[in-house]
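> There's a structure below that I have some questions on.
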Amino acid sequence: MRIVGFGACMIGGFGVGSDFSFFNQALDILKLKDINVDFSSVVSFGGVPISLSAKYLDKRVIKLNPDVVIIQFGNTDINKDINKDIKKKLKKIFKIKLSRNSMSSTSSNKTGILKNRLRTKLRFAIKYFGKEIIACILNTKTNTTLDVYISYLDQIIGKLEGKGVKVIVLSPFPSANLFNDKKVLKYTENIKKIKSEHNFILIECYPILKNFDISEFLLGDGSHLSKNGHLILASEIAKVLEHI
């Protein structure tokens, strides 16, 4: 069996290392059960949305002649994108830089140092929490709108199945962001709608991971899977691969 993973950063184990990715941990589980995998490879594009990754399907995935392809896209696509104009407004209002360079700011006096520390904390607050609230208030679009996401996923699945490849799709993962989690459920429901047109296997990650406390499957950033989170999904993937 030749297995290829195709997706964004987490299929490559971003944050925990490739050895602990759900893809490689699933293969390790198969080895323990003496299930032979002749070939495996991961084609990961980091935090790149599905619309930009799809163009590499032929030359990076299909050319490997896989029997099975595990697809993981969604969390990057679901994130809301704050445009440059909003970022400029935030900079003007709070007089801070929303970039790593601002972390190197120093001051020769205690007052200046305190201000810089407060600005740094405020910068992180805006970056990780405030920007999402602002995006929701202003109804900022997601990186990939639902219809575009489903369209590309549909195309990818159709092309792979046309080549005789068995497809396993992982639905988007839950996060610490309640705004995003609502999108996760909506995107998952729409993935289900295209199942009637194809023969792929859908692993619904949201209910699987939500059986655990958030600290048991997410890293401290509240976005990426921890080693245990990857292992939880690896167990589910291995169960599916056993019966292919």
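Chains: A, B, ... in order of the structure tokens. Residues: from 1 per chain. Ligands: from 1, in order shown.
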Show which residues sit within 9 Å of Lys163 of chain A, as a tab-separated table (two decimals) with N, CA and C atoms, in the first residue's frame. Count only C-alpha atoms, and ignore same-chain residues fewer than 3 positions away.

chain	number	residue	atom	x	y	z
A	62	ILE	N	-0.06	13.11	-7.23
A	62	ILE	CA	-0.43	12.04	-8.18
A	62	ILE	C	0.79	11.37	-8.79
A	65	ASN	N	2.09	8.05	-7.48
A	65	ASN	CA	1.29	6.84	-7.69
A	65	ASN	C	0.74	6.25	-6.39
A	158	GLY	N	-12.23	14.43	-6.73
A	158	GLY	CA	-12.65	13.89	-8.03
A	158	GLY	C	-11.47	13.45	-8.88
A	159	LYS	N	-10.42	14.26	-8.87
A	159	LYS	CA	-9.24	13.94	-9.67
A	159	LYS	C	-8.53	12.70	-9.13
A	160	LEU	N	-8.42	12.60	-7.81
A	160	LEU	CA	-7.76	11.44	-7.21
A	160	LEU	C	-8.56	10.17	-7.45
> Taking 6 positions as the minimum chain separation for residues in the same chain, which residues sit within 9 Å of segment 38-53 of chain A when counting only C-alpha atoms? Answer as a short mmCIF file (atom, residue, chain, number, x, y, z; two decimals) with all heavy atoms, in the first residue's frame.

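Once written, out.cif looks like this:
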data_model
loop_
_atom_site.label_atom_id
_atom_site.label_comp_id
_atom_site.auth_asym_id
_atom_site.auth_seq_id
_atom_site.Cartn_x
_atom_site.Cartn_y
_atom_site.Cartn_z
N MET A 1 0.84 -1.19 0.00
CA MET A 1 0.00 0.00 0.00
C MET A 1 0.89 1.25 0.00
O MET A 1 1.80 1.37 0.80
CB MET A 1 -0.92 -0.02 1.22
CG MET A 1 -1.86 1.16 1.31
SD MET A 1 -3.26 0.89 2.46
CE MET A 1 -2.42 0.41 3.97
N ARG A 2 0.61 2.18 -0.90
CA ARG A 2 1.34 3.43 -1.01
C ARG A 2 0.44 4.56 -0.48
O ARG A 2 -0.65 4.79 -1.02
CB ARG A 2 1.73 3.71 -2.46
CG ARG A 2 2.70 2.67 -3.04
CD ARG A 2 2.93 2.90 -4.52
NE ARG A 2 3.59 4.18 -4.78
CZ ARG A 2 4.90 4.38 -4.76
NH1 ARG A 2 5.72 3.37 -4.45
NH2 ARG A 2 5.42 5.56 -5.02
N ILE A 3 0.91 5.24 0.58
CA ILE A 3 0.09 6.24 1.25
C ILE A 3 0.76 7.61 1.17
O ILE A 3 1.94 7.74 1.49
CB ILE A 3 -0.16 5.88 2.72
CG1 ILE A 3 -0.75 4.48 2.84
CG2 ILE A 3 -1.07 6.91 3.39
CD1 ILE A 3 -0.88 3.99 4.27
N VAL A 4 -0.02 8.60 0.76
CA VAL A 4 0.50 9.97 0.68
C VAL A 4 -0.41 10.90 1.48
O VAL A 4 -1.64 10.80 1.39
CB VAL A 4 0.57 10.46 -0.79
CG1 VAL A 4 0.96 11.94 -0.85
CG2 VAL A 4 1.58 9.62 -1.57
N GLY A 5 0.20 11.79 2.25
CA GLY A 5 -0.54 12.81 2.96
C GLY A 5 -0.46 14.12 2.20
O GLY A 5 0.62 14.50 1.72
N PHE A 6 -1.58 14.80 2.06
CA PHE A 6 -1.62 16.05 1.29
C PHE A 6 -2.37 17.09 2.11
O PHE A 6 -3.55 16.91 2.41
CB PHE A 6 -2.32 15.81 -0.05
CG PHE A 6 -2.44 17.03 -0.94
CD1 PHE A 6 -1.38 17.90 -1.11
CD2 PHE A 6 -3.62 17.28 -1.63
CE1 PHE A 6 -1.48 19.00 -1.94
CE2 PHE A 6 -3.74 18.37 -2.46
CZ PHE A 6 -2.67 19.24 -2.62
N GLY A 7 -1.70 18.18 2.49
CA GLY A 7 -2.42 19.16 3.30
C GLY A 7 -1.59 20.33 3.75
O GLY A 7 -0.55 20.66 3.16
N ALA A 8 -2.06 20.97 4.80
CA ALA A 8 -1.42 22.16 5.35
C ALA A 8 -0.40 21.78 6.42
O ALA A 8 0.13 20.66 6.41
CB ALA A 8 -2.48 23.11 5.90
N CYS A 9 -0.18 22.67 7.37
CA CYS A 9 0.96 22.48 8.28
C CYS A 9 0.84 21.27 9.21
O CYS A 9 1.83 20.61 9.50
CB CYS A 9 1.20 23.74 9.09
SG CYS A 9 -0.16 24.20 10.19
N MET A 10 -0.37 20.96 9.69
CA MET A 10 -0.45 19.94 10.74
C MET A 10 -0.25 18.52 10.23
O MET A 10 0.12 17.64 11.00
CB MET A 10 -1.76 20.10 11.51
CG MET A 10 -1.67 21.22 12.54
SD MET A 10 -3.04 21.31 13.70
CE MET A 10 -4.15 22.39 12.81
N ILE A 11 -0.46 18.29 8.94
CA ILE A 11 -0.20 16.94 8.43
C ILE A 11 1.31 16.66 8.44
O ILE A 11 1.75 15.52 8.45
CB ILE A 11 -0.78 16.76 7.01
CG1 ILE A 11 -0.96 15.27 6.72
CG2 ILE A 11 0.07 17.43 5.95
CD1 ILE A 11 -1.82 14.96 5.52
N GLY A 12 2.09 17.75 8.47
CA GLY A 12 3.54 17.61 8.56
C GLY A 12 4.06 17.66 9.98
O GLY A 12 5.26 17.58 10.21
N PHE A 14 3.57 20.25 12.24
CA PHE A 14 4.02 21.57 12.67
C PHE A 14 3.78 21.77 14.18
O PHE A 14 2.69 21.51 14.67
CB PHE A 14 3.28 22.67 11.90
CG PHE A 14 3.67 24.07 12.32
CD1 PHE A 14 4.79 24.65 11.78
CD2 PHE A 14 2.92 24.77 13.25
CE1 PHE A 14 5.18 25.93 12.16
CE2 PHE A 14 3.30 26.05 13.65
CZ PHE A 14 4.43 26.63 13.10
N PHE A 23 -0.04 11.68 10.76
CA PHE A 23 0.26 10.84 9.60
C PHE A 23 1.29 9.76 9.98
O PHE A 23 1.05 8.57 9.78
CB PHE A 23 0.79 11.70 8.45
CG PHE A 23 1.07 10.94 7.18
CD1 PHE A 23 0.07 10.75 6.24
CD2 PHE A 23 2.33 10.41 6.93
CE1 PHE A 23 0.32 10.04 5.07
CE2 PHE A 23 2.59 9.70 5.77
CZ PHE A 23 1.57 9.52 4.83
N ASN A 24 2.42 10.18 10.51
CA ASN A 24 3.48 9.22 10.85
C ASN A 24 3.13 8.35 12.05
O ASN A 24 3.53 7.18 12.10
CB ASN A 24 4.80 9.96 11.08
CG ASN A 24 5.45 10.38 9.78
OD1 ASN A 24 5.45 9.64 8.81
ND2 ASN A 24 6.00 11.58 9.75
N LEU A 27 1.06 5.52 10.77
CA LEU A 27 1.90 4.50 10.13
C LEU A 27 2.59 3.64 11.18
O LEU A 27 2.75 2.42 10.99
CB LEU A 27 2.93 5.17 9.22
CG LEU A 27 2.40 5.96 8.03
CD1 LEU A 27 3.56 6.48 7.19
CD2 LEU A 27 1.46 5.12 7.17
N ARG A 60 3.00 16.91 -7.42
CA ARG A 60 3.55 16.59 -6.11
C ARG A 60 2.88 15.38 -5.45
O ARG A 60 3.48 14.74 -4.59
CB ARG A 60 3.42 17.81 -5.18
CG ARG A 60 4.24 19.02 -5.61
CD ARG A 60 5.72 18.83 -5.40
NE ARG A 60 6.06 18.61 -4.01
CZ ARG A 60 6.24 19.60 -3.12
NH1 ARG A 60 6.12 20.86 -3.50
NH2 ARG A 60 6.56 19.33 -1.88
N VAL A 61 1.65 15.08 -5.84
CA VAL A 61 0.91 13.99 -5.18
C VAL A 61 0.65 12.83 -6.14
O VAL A 61 1.08 11.70 -5.91
CB VAL A 61 -0.43 14.49 -4.60
CG1 VAL A 61 -1.20 13.34 -3.96
CG2 VAL A 61 -0.18 15.59 -3.58
N LEU A 64 3.33 10.44 -7.44
CA LEU A 64 3.86 9.43 -6.52
C LEU A 64 3.11 8.10 -6.62
O LEU A 64 3.45 7.14 -5.92
CB LEU A 64 3.79 9.95 -5.08
CG LEU A 64 4.63 11.20 -4.77
CD1 LEU A 64 4.36 11.68 -3.35
CD2 LEU A 64 6.12 10.91 -4.96
N PRO A 66 0.04 7.06 -5.61
CA PRO A 66 -0.48 6.56 -4.32
C PRO A 66 -1.69 5.65 -4.47
O PRO A 66 -2.45 5.77 -5.43
CB PRO A 66 -0.88 7.86 -3.60
CG PRO A 66 -1.28 8.78 -4.71
CD PRO A 66 -0.33 8.47 -5.84
N PHE A 73 -7.01 19.81 4.96
CA PHE A 73 -7.06 21.25 4.74
C PHE A 73 -8.25 21.79 5.52
O PHE A 73 -9.23 21.09 5.73
CB PHE A 73 -7.26 21.58 3.26
CG PHE A 73 -6.06 21.36 2.40
CD1 PHE A 73 -6.00 20.27 1.54
CD2 PHE A 73 -4.99 22.24 2.43
CE1 PHE A 73 -4.90 20.05 0.73
CE2 PHE A 73 -3.87 22.03 1.63
CZ PHE A 73 -3.83 20.93 0.77
N GLY A 74 -8.18 23.04 5.93
CA GLY A 74 -9.36 23.63 6.56
C GLY A 74 -9.07 24.68 7.60
O GLY A 74 -9.63 25.77 7.57
N ASN A 75 -8.17 24.40 8.53
CA ASN A 75 -7.96 25.34 9.63
C ASN A 75 -7.35 26.67 9.15
O ASN A 75 -7.75 27.73 9.61
CB ASN A 75 -7.10 24.71 10.72
CG ASN A 75 -7.86 23.63 11.46
OD1 ASN A 75 -8.10 22.56 10.92
ND2 ASN A 75 -8.26 23.91 12.69
N THR A 76 -6.42 26.60 8.23
CA THR A 76 -5.88 27.83 7.65
C THR A 76 -6.95 28.55 6.84
O THR A 76 -7.07 29.77 6.88
CB THR A 76 -4.68 27.52 6.74
OG1 THR A 76 -3.62 26.97 7.53
CG2 THR A 76 -4.16 28.78 6.05
N ASP A 77 -7.75 27.78 6.11
CA ASP A 77 -8.79 28.36 5.27
C ASP A 77 -9.86 29.07 6.08
O ASP A 77 -10.40 30.10 5.67
CB ASP A 77 -9.44 27.26 4.43
CG ASP A 77 -8.44 26.56 3.53
OD1 ASP A 77 -8.22 27.03 2.42
OD2 ASP A 77 -7.87 25.54 3.97
N ILE A 78 -10.18 28.51 7.24
CA ILE A 78 -11.26 29.04 8.07
C ILE A 78 -10.86 30.32 8.80
O ILE A 78 -11.70 31.16 9.10
CB ILE A 78 -11.72 27.97 9.08
CG1 ILE A 78 -12.52 26.90 8.36
CG2 ILE A 78 -12.54 28.57 10.21
CD1 ILE A 78 -12.83 25.69 9.19
N ASN A 143 -10.08 33.27 5.09
CA ASN A 143 -9.03 33.16 4.07
C ASN A 143 -9.56 32.47 2.82
O ASN A 143 -9.21 32.83 1.70
CB ASN A 143 -7.83 32.39 4.61
CG ASN A 143 -7.03 33.20 5.61
OD1 ASN A 143 -6.93 34.41 5.50
ND2 ASN A 143 -6.47 32.54 6.61
N THR A 144 -10.39 31.46 3.02
CA THR A 144 -11.03 30.76 1.91
C THR A 144 -12.52 30.65 2.22
O THR A 144 -12.89 30.02 3.21
CB THR A 144 -10.46 29.34 1.71
OG1 THR A 144 -9.03 29.41 1.63
CG2 THR A 144 -11.01 28.70 0.45
N VAL A 148 -15.69 28.31 -2.00
CA VAL A 148 -14.41 28.10 -2.68
C VAL A 148 -13.69 26.88 -2.09
O VAL A 148 -13.14 26.05 -2.82
CB VAL A 148 -13.51 29.36 -2.57
CG1 VAL A 148 -12.10 29.06 -3.08
CG2 VAL A 148 -14.13 30.51 -3.34
N TYR A 149 -13.73 26.76 -0.77
CA TYR A 149 -13.10 25.62 -0.10
C TYR A 149 -13.70 24.30 -0.59
O TYR A 149 -12.98 23.37 -0.96
CB TYR A 149 -13.29 25.76 1.41
CG TYR A 149 -12.85 24.54 2.21
CD1 TYR A 149 -11.51 24.34 2.53
CD2 TYR A 149 -13.78 23.59 2.64
CE1 TYR A 149 -11.10 23.24 3.25
CE2 TYR A 149 -13.38 22.48 3.37
CZ TYR A 149 -12.05 22.31 3.67
OH TYR A 149 -11.65 21.20 4.38
N TYR A 152 -12.75 23.48 -4.31
CA TYR A 152 -11.41 22.93 -4.48
C TYR A 152 -11.30 21.52 -3.92
O TYR A 152 -10.66 20.65 -4.52
CB TYR A 152 -10.37 23.85 -3.83
CG TYR A 152 -9.90 24.97 -4.72
CD1 TYR A 152 -10.39 26.26 -4.56
CD2 TYR A 152 -8.98 24.74 -5.73
CE1 TYR A 152 -9.98 27.30 -5.39
CE2 TYR A 152 -8.56 25.77 -6.57
CZ TYR A 152 -9.06 27.04 -6.39
OH TYR A 152 -8.65 28.06 -7.22
N LEU A 153 -11.91 21.29 -2.78
CA LEU A 153 -11.87 19.96 -2.19
C LEU A 153 -12.56 18.95 -3.12
O LEU A 153 -12.06 17.84 -3.33
CB LEU A 153 -12.56 19.96 -0.83
CG LEU A 153 -12.54 18.65 -0.04
CD1 LEU A 153 -11.11 18.22 0.28
CD2 LEU A 153 -13.35 18.77 1.25
#
> Give me, as a list in words, all polymer residues having an atom no more than 9 Å from Leu241 of chain A, counting only C-alpha atoms and skipping those fewer than 2 positions away in the same chain.
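Selected residues are Ala26, Leu30, Val68, Glu236, Ile237, Ala238, Lys239, His243 and Ile244 of chain A.
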> Write the selection just made, keeping N, CA and C atoms, as an mmCIF file, in the first residue's frame?

data_model
loop_
_atom_site.group_PDB
_atom_site.id
_atom_site.type_symbol
_atom_site.label_atom_id
_atom_site.label_comp_id
_atom_site.auth_asym_id
_atom_site.auth_seq_id
_atom_site.Cartn_x
_atom_site.Cartn_y
_atom_site.Cartn_z
ATOM 1 N N ALA A 26 0.141 7.306 12.691
ATOM 2 C CA ALA A 26 -0.783 6.300 12.151
ATOM 3 C C ALA A 26 -0.004 5.166 11.492
ATOM 4 N N LEU A 30 0.217 1.067 12.373
ATOM 5 C CA LEU A 30 0.060 -0.013 11.384
ATOM 6 C C LEU A 30 1.235 -0.987 11.450
ATOM 7 N N VAL A 68 -3.535 5.409 -1.564
ATOM 8 C CA VAL A 68 -4.368 6.148 -0.607
ATOM 9 C C VAL A 68 -3.799 7.544 -0.430
ATOM 10 N N GLU A 236 -7.487 6.988 14.934
ATOM 11 C CA GLU A 236 -8.674 6.915 14.078
ATOM 12 C C GLU A 236 -8.286 6.639 12.634
ATOM 13 N N ILE A 237 -7.220 7.278 12.172
ATOM 14 C CA ILE A 237 -6.757 7.067 10.790
ATOM 15 C C ILE A 237 -6.293 5.638 10.596
ATOM 16 N N ALA A 238 -5.564 5.111 11.575
ATOM 17 C CA ALA A 238 -5.064 3.734 11.490
ATOM 18 C C ALA A 238 -6.217 2.740 11.383
ATOM 19 N N LYS A 239 -7.305 2.984 12.117
ATOM 20 C CA LYS A 239 -8.487 2.103 12.053
ATOM 21 C C LYS A 239 -9.048 2.053 10.645
ATOM 22 N N HIS A 243 -8.675 -1.281 7.131
ATOM 23 C CA HIS A 243 -9.749 -1.926 6.370
ATOM 24 C C HIS A 243 -9.797 -1.506 4.906
ATOM 25 N N ILE A 244 -8.718 -0.877 4.437
ATOM 26 C CA ILE A 244 -8.637 -0.512 3.008
ATOM 27 C C ILE A 244 -7.913 -1.589 2.233
#
> Which residue, A:Asp19, A:Asp181, A:Asp213, A:Glu161, has the smallest gap to Asn199 of chain A when you use only C-alpha atoms?
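Ranked by minimum distance to Asn199 of chain A, first place goes to A:Glu161.
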> So, counting only C-alpha atoms, which residue among A:Thr142, A:Ser235, A:Ser18, A:Asn228 is closest to Phe212 of chain A?
A:Asn228
> What separation in Å, quoted to one decimal, exists between atom CA of Ile203 of chain A and atom CA of Leu32 of chain A?
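Between atom CA of Ile203 of chain A and atom CA of Leu32 of chain A the gap works out to 21.9 Å.
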> Taking only C-alpha atoms into account, name the residue in A:Asn211, A:Asn79, A:Gln72, A:Asn36 that is nearest to Thr145 of chain A.
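Among the listed residues, A:Asn79 lies closest to Thr145 of chain A.
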> Find, counting only C-alpha atoms, the residue in A:Ile156, A:Ser196, A:Asp34, A:Gly222 that gets nearest to Leu57 of chain A.
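Nearest candidate to Leu57 of chain A out of A:Ile156, A:Ser196, A:Asp34, A:Gly222: A:Ile156.
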> Set the distance at 12 Å and use only C-alpha atoms: which residues neighbour segment 216-218 of chain A once local chain neighbours fewer than 2 positions away are removed? I'd like the list as a ChimeraX atom specification.
/A:10,14-16,22,173-177,205-206,208-214,220-233
> Next, the residues of the selection above should be written as a PDB file, in the first residue's frame with C-alpha atoms.

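Printed below is out_20.pdb as written:
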ATOM      1  CA  MET A  10      -0.455  19.943  10.737  1.00  0.00           C
ATOM      2  CA  PHE A  14       4.021  21.573  12.675  1.00  0.00           C
ATOM      3  CA  GLY A  15       4.697  22.458  16.300  1.00  0.00           C
ATOM      4  CA  VAL A  16       5.567  18.927  17.429  1.00  0.00           C
ATOM      5  CA  PHE A  22      -0.869  12.122  13.005  1.00  0.00           C
ATOM      6  CA  PHE A 173      -9.959  20.619  13.701  1.00  0.00           C
ATOM      7  CA  PRO A 174     -11.406  22.408  16.744  1.00  0.00           C
ATOM      8  CA  SER A 175      -9.361  25.163  18.359  1.00  0.00           C
ATOM      9  CA  ALA A 176      -9.458  27.436  21.384  1.00  0.00           C
ATOM     10  CA  ASN A 177     -11.192  30.024  19.218  1.00  0.00           C
ATOM     11  CA  CYS A 205     -12.154  15.394  13.693  1.00  0.00           C
ATOM     12  CA  TYR A 206     -14.245  17.867  15.711  1.00  0.00           C
ATOM     13  CA  ILE A 208     -13.329  13.005  18.078  1.00  0.00           C
ATOM     14  CA  LEU A 209     -11.099  15.665  19.622  1.00  0.00           C
ATOM     15  CA  LYS A 210     -13.906  17.307  21.600  1.00  0.00           C
ATOM     16  CA  ASN A 211     -14.199  14.101  23.641  1.00  0.00           C
ATOM     17  CA  PHE A 212     -11.069  15.355  25.376  1.00  0.00           C
ATOM     18  CA  ASP A 213     -10.233  18.473  27.325  1.00  0.00           C
ATOM     19  CA  ILE A 214      -8.735  21.162  25.101  1.00  0.00           C
ATOM     20  CA  GLY A 220      -0.473  26.370  24.194  1.00  0.00           C
ATOM     21  CA  ASP A 221      -1.147  28.529  21.133  1.00  0.00           C
ATOM     22  CA  GLY A 222      -4.711  27.206  21.104  1.00  0.00           C
ATOM     23  CA  SER A 223      -4.493  26.421  17.423  1.00  0.00           C
ATOM     24  CA  HIS A 224      -2.124  23.557  16.605  1.00  0.00           C
ATOM     25  CA  LEU A 225      -2.405  19.953  17.754  1.00  0.00           C
ATOM     26  CA  SER A 226      -0.188  18.677  20.540  1.00  0.00           C
ATOM     27  CA  LYS A 227       1.584  15.310  20.348  1.00  0.00           C
ATOM     28  CA  ASN A 228      -1.372  13.732  22.097  1.00  0.00           C
ATOM     29  CA  GLY A 229      -3.806  15.457  19.748  1.00  0.00           C
ATOM     30  CA  HIS A 230      -1.934  13.980  16.810  1.00  0.00           C
ATOM     31  CA  LEU A 231      -1.967  10.552  18.472  1.00  0.00           C
ATOM     32  CA  ILE A 232      -5.737  10.713  18.994  1.00  0.00           C
ATOM     33  CA  LEU A 233      -6.286  11.323  15.278  1.00  0.00           C
TER      34      LEU A 233
END
